[in-house]
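Asks: Sharing input-v4.cif below, mmCIF, C-alpha atoms:
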```cif
data_structure
#
loop_
_atom_site.group_PDB
_atom_site.id
_atom_site.type_symbol
_atom_site.label_atom_id
_atom_site.label_comp_id
_atom_site.auth_asym_id
_atom_site.auth_seq_id
_atom_site.Cartn_x
_atom_site.Cartn_y
_atom_site.Cartn_z
ATOM 1 C CA MET A 682 -29.495 -20.428 -203.156
ATOM 2 C CA GLN A 683 -31.819 -19.101 -200.452
ATOM 3 C CA CYS A 684 -32.789 -22.578 -199.358
ATOM 4 C CA LYS A 685 -29.127 -23.462 -198.841
ATOM 5 C CA ALA A 686 -28.782 -20.587 -196.386
ATOM 6 C CA LEU A 687 -31.933 -21.746 -194.654
ATOM 7 C CA VAL A 688 -30.660 -25.321 -194.376
ATOM 8 C CA LEU A 689 -27.326 -24.175 -192.922
ATOM 9 C CA THR A 690 -29.067 -21.913 -190.415
ATOM 10 C CA LEU A 691 -31.427 -24.693 -189.427
ATOM 11 C CA ALA A 692 -28.582 -27.204 -189.018
ATOM 12 C CA ALA A 693 -26.623 -24.883 -186.743
ATOM 13 C CA PHE A 694 -29.713 -24.155 -184.683
ATOM 14 C CA ALA A 695 -30.626 -27.836 -184.434
ATOM 15 C CA LEU A 696 -27.301 -28.593 -182.756
ATOM 16 C CA GLU A 697 -27.793 -25.917 -180.106
ATOM 17 C CA TYR A 698 -31.500 -26.589 -179.616
ATOM 18 C CA GLY A 699 -30.944 -30.342 -179.308
ATOM 19 C CA ASP A 700 -28.281 -29.869 -176.648
ATOM 20 C CA PHE A 701 -30.447 -27.320 -174.862
ATOM 21 C CA TRP A 702 -33.493 -29.605 -174.613
ATOM 22 C CA LEU A 703 -31.477 -32.716 -173.834
ATOM 23 C CA LEU A 704 -29.742 -31.039 -170.927
ATOM 24 C CA ALA A 705 -32.898 -29.248 -169.797
ATOM 25 C CA GLN A 706 -34.718 -32.589 -169.526
ATOM 26 C CA LEU A 707 -31.908 -34.544 -167.869
ATOM 27 C CA HIS A 708 -32.075 -34.777 -164.143
ATOM 28 C CA PRO A 709 -29.054 -33.031 -162.649
ATOM 29 C CA SER A 710 -28.157 -36.071 -160.521
ATOM 30 C CA GLY A 711 -25.614 -37.480 -162.979
ATOM 31 C CA GLN A 712 -22.141 -35.980 -162.962
ATOM 32 C CA LEU A 713 -21.944 -36.009 -166.765
ATOM 33 C CA ALA A 714 -25.262 -34.154 -167.028
ATOM 34 C CA LYS A 715 -24.058 -31.593 -164.469
ATOM 35 C CA SER A 716 -20.770 -31.075 -166.296
ATOM 36 C CA MET A 717 -22.423 -30.738 -169.696
ATOM 37 C CA GLY A 718 -24.993 -28.397 -168.192
ATOM 38 C CA ILE A 719 -22.257 -26.168 -166.831
ATOM 39 C CA LEU A 720 -20.440 -26.144 -170.183
ATOM 40 C CA LYS A 721 -23.656 -25.311 -172.059
ATOM 41 C CA GLN A 722 -24.849 -22.885 -169.354
ATOM 42 C CA VAL A 723 -28.087 -24.808 -168.861
ATOM 43 C CA PRO A 724 -28.011 -25.385 -165.080
ATOM 44 C CA VAL A 725 -29.958 -22.189 -164.389
ATOM 45 C CA ILE A 726 -33.138 -23.639 -165.895
ATOM 46 C CA LEU A 727 -32.515 -27.091 -164.450
ATOM 47 C CA ARG A 728 -33.143 -25.953 -160.898
ATOM 48 C CA CYS A 729 -36.814 -26.466 -160.023
ATOM 49 C CA PRO A 730 -37.589 -22.802 -159.201
ATOM 50 C CA GLY A 731 -35.739 -21.736 -162.365
ATOM 51 C CA LEU A 732 -37.647 -24.212 -164.475
ATOM 52 C CA GLN A 733 -40.983 -23.064 -163.069
ATOM 53 C CA LYS A 734 -39.986 -19.454 -163.631
ATOM 54 C CA HIS A 735 -39.257 -20.115 -167.318
ATOM 55 C CA GLN A 736 -41.953 -22.727 -167.998
ATOM 56 C CA LYS A 737 -44.184 -20.406 -170.037
ATOM 57 C CA ALA A 738 -41.237 -19.010 -172.006
ATOM 58 C CA LEU A 739 -39.998 -22.534 -172.765
ATOM 59 C CA VAL A 740 -43.419 -23.611 -174.040
ATOM 60 C CA GLU A 741 -43.753 -20.479 -176.182
ATOM 61 C CA LEU A 742 -40.245 -20.950 -177.566
ATOM 62 C CA ASN A 743 -40.985 -24.571 -178.395
ATOM 63 C CA ASN A 744 -44.259 -23.609 -180.131
ATOM 64 C CA LEU A 745 -42.533 -20.900 -182.175
ATOM 65 C CA ILE A 746 -39.860 -23.351 -183.272
ATOM 66 C CA LYS A 747 -42.483 -25.922 -184.318
ATOM 67 C CA THR A 748 -44.381 -23.296 -186.324
ATOM 68 C CA THR A 749 -41.176 -22.094 -187.963
ATOM 69 C CA LEU A 750 -40.348 -25.667 -188.971
ATOM 70 C CA GLU A 751 -43.783 -25.961 -190.601
ATOM 71 C CA VAL A 752 -43.119 -22.776 -192.591
ATOM 72 C CA ILE A 753 -39.702 -24.095 -193.634
ATOM 73 C CA GLU A 754 -41.319 -27.328 -194.825
ATOM 74 C CA CYS A 755 -43.708 -25.264 -196.970
ATOM 75 C CA ILE A 756 -40.751 -23.368 -198.455
ATOM 76 C CA PHE A 757 -39.079 -26.648 -199.378
ATOM 77 C CA GLU A 758 -42.323 -27.928 -200.929
ATOM 78 C CA LEU A 759 -42.550 -24.753 -203.036
ATOM 79 C CA GLU A 760 -38.973 -25.286 -204.186
ATOM 80 C CA LYS A 761 -39.943 -28.778 -205.339
ATOM 81 C CA LEU A 762 -42.763 -27.282 -207.418
ATOM 82 C CA SER A 763 -40.331 -25.064 -209.298
ATOM 83 C CA ILE A 764 -39.812 -27.845 -211.863
ATOM 84 C CA TYR A 765 -43.277 -27.236 -213.302
ATOM 85 C CA ASP A 766 -43.963 -24.807 -216.116
ATOM 86 C CA LYS A 767 -44.783 -21.509 -214.495
ATOM 87 C CA ARG A 768 -46.961 -20.423 -217.427
ATOM 88 C CA ASP A 769 -49.456 -23.120 -216.474
ATOM 89 C CA LEU A 770 -49.527 -22.096 -212.811
ATOM 90 C CA PRO A 771 -49.634 -18.298 -212.366
ATOM 91 C CA ALA A 772 -50.090 -18.630 -208.604
ATOM 92 C CA LEU A 773 -46.824 -20.555 -208.458
ATOM 93 C CA VAL A 774 -44.986 -17.589 -209.989
ATOM 94 C CA ILE A 775 -46.255 -15.326 -207.217
ATOM 95 C CA ALA A 776 -45.289 -17.831 -204.533
ATOM 96 C CA MET A 777 -41.844 -18.432 -206.051
ATOM 97 C CA ASN A 778 -41.184 -14.681 -206.160
ATOM 98 C CA ARG A 779 -41.828 -14.480 -202.409
ATOM 99 C CA ILE A 780 -39.555 -17.356 -201.391
ATOM 100 C CA SER A 781 -36.558 -15.113 -200.701
ATOM 101 C CA VAL A 782 -38.646 -12.969 -198.337
ATOM 102 C CA ASP A 783 -40.012 -16.061 -196.606
ATOM 103 C CA VAL A 784 -36.508 -17.514 -196.243
ATOM 104 C CA TYR A 785 -35.329 -14.216 -194.740
ATOM 105 C CA TRP A 786 -38.103 -14.260 -192.133
ATOM 106 C CA ALA A 787 -37.534 -17.937 -191.349
ATOM 107 C CA ILE A 788 -33.822 -17.297 -190.742
ATOM 108 C CA LEU A 789 -34.625 -14.228 -188.655
ATOM 109 C CA THR A 790 -37.049 -16.277 -186.550
ATOM 110 C CA VAL A 791 -34.454 -19.020 -186.018
ATOM 111 C CA VAL A 792 -31.915 -16.405 -184.888
ATOM 112 C CA ALA A 793 -34.502 -14.862 -182.542
ATOM 113 C CA CYS A 794 -35.269 -18.294 -181.063
ATOM 114 C CA SER A 795 -31.571 -18.918 -180.552
ATOM 115 C CA THR A 796 -31.223 -15.553 -178.835
ATOM 116 C CA LYS A 797 -34.185 -16.297 -176.569
ATOM 117 C CA MET A 798 -32.762 -19.722 -175.755
ATOM 118 C CA CYS A 799 -29.434 -18.128 -174.788
ATOM 119 C CA GLY A 800 -31.276 -15.544 -172.725
ATOM 120 C CA LEU A 801 -33.099 -18.253 -170.789
ATOM 121 C CA THR A 802 -29.900 -20.125 -170.017
ATOM 122 C CA ASN A 803 -27.870 -17.065 -169.043
ATOM 123 C CA GLU A 804 -30.489 -15.383 -166.876
ATOM 124 C CA GLU A 805 -29.748 -15.564 -163.200
#
```
Here is a file; write its structure as structure tokens.
Replies:
Amino acid sequence: MQCKALVLTLAAFALEYGDFWLLAQLHPSGQLAKSMGILKQVPVILRCPGLQKHQKALVELNNLIKTTLEVIECIFELEKLSIYDKRDLPALVIAMNRISVDVYWAILTVVACSTKMCGLTNEE
């Protein structure tokens, strides 16, 4: 059940994050890119001074997202191991008991990344 919540959270974030990075990397010369940037509130970071101002925050955000994805992959791998007999693997029991806490922190991190991403795009 917890992994379903994690998957849904990750899917929603992936849509926003994908749009954010696509528009952030497009050159604002195309009218479609400008229009989409305005709709998604990305044009603030597209301007060269704005991009330089947020460069460190963008790199840190990207690194946090990559690390969170690695943790989520580990959670999914642990879920796959749940088919084995837990009596034979006592360490697996401990890890499986912590999955709900790990899922909580993964979701919280995704929400924090989304909030930071919104903050970067809305900051004047």
Asks: With only C-alpha atoms as the counted atoms, please give the residues lying no more than 12 Å from Lys767 in chain A, apart from itself and same-chain residues fewer than 6 positions off, as a PyMOL selection string.
Replies: chain A and resi 773-778
Asks: Using Å and a single decimal, report how far CA of Thr749 in chain A sits from CA of Gly699 in chain A.
Replies: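 Separating CA of Gly699 in chain A from CA of Thr749 in chain A is a distance of 15.7 Å.
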Asks: I'd like to see the residues matched by the PyMOL selection byres ((chain A and resi 750-755) around 12) on this file, and ideally I'd get them as a ChimeraX atom specification.
Replies: /A:683-688,690-692,694-695,743-749,756-762,776-777,780-781,783-788,790-791,794
Asks: Calculate how many Å separate CA of Leu703 in chain A from CA of His735 in chain A, rounding to one decimal.
Replies: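 Atom-to-atom, CA of Leu703 in chain A to CA of His735 in chain A, that is 16.2 Å.
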Asks: If you measure from CA of Leu742 in chain A to CA of Phe701 in chain A, what distance in Å do you get, rounded to one decimal?
Replies: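 Between CA of Leu742 in chain A and CA of Phe701 in chain A the gap works out to 12.0 Å.
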Asks: Glu697 in chain A: which residues within 10 Å, counting only C-alpha atoms, same-chain residues fewer than 6 positions away excluded, as a list in words?
Replies: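 Counting only the stated atoms, we get Leu703, Lys721, Ser795, Met798 and Cys799 of chain A.
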Asks: Nearest residue to Leu801 in chain A out of A:Leu739, A:Arg779, A:Ile719, A:Trp702, using only C-alpha atoms?
Replies: A:Leu739
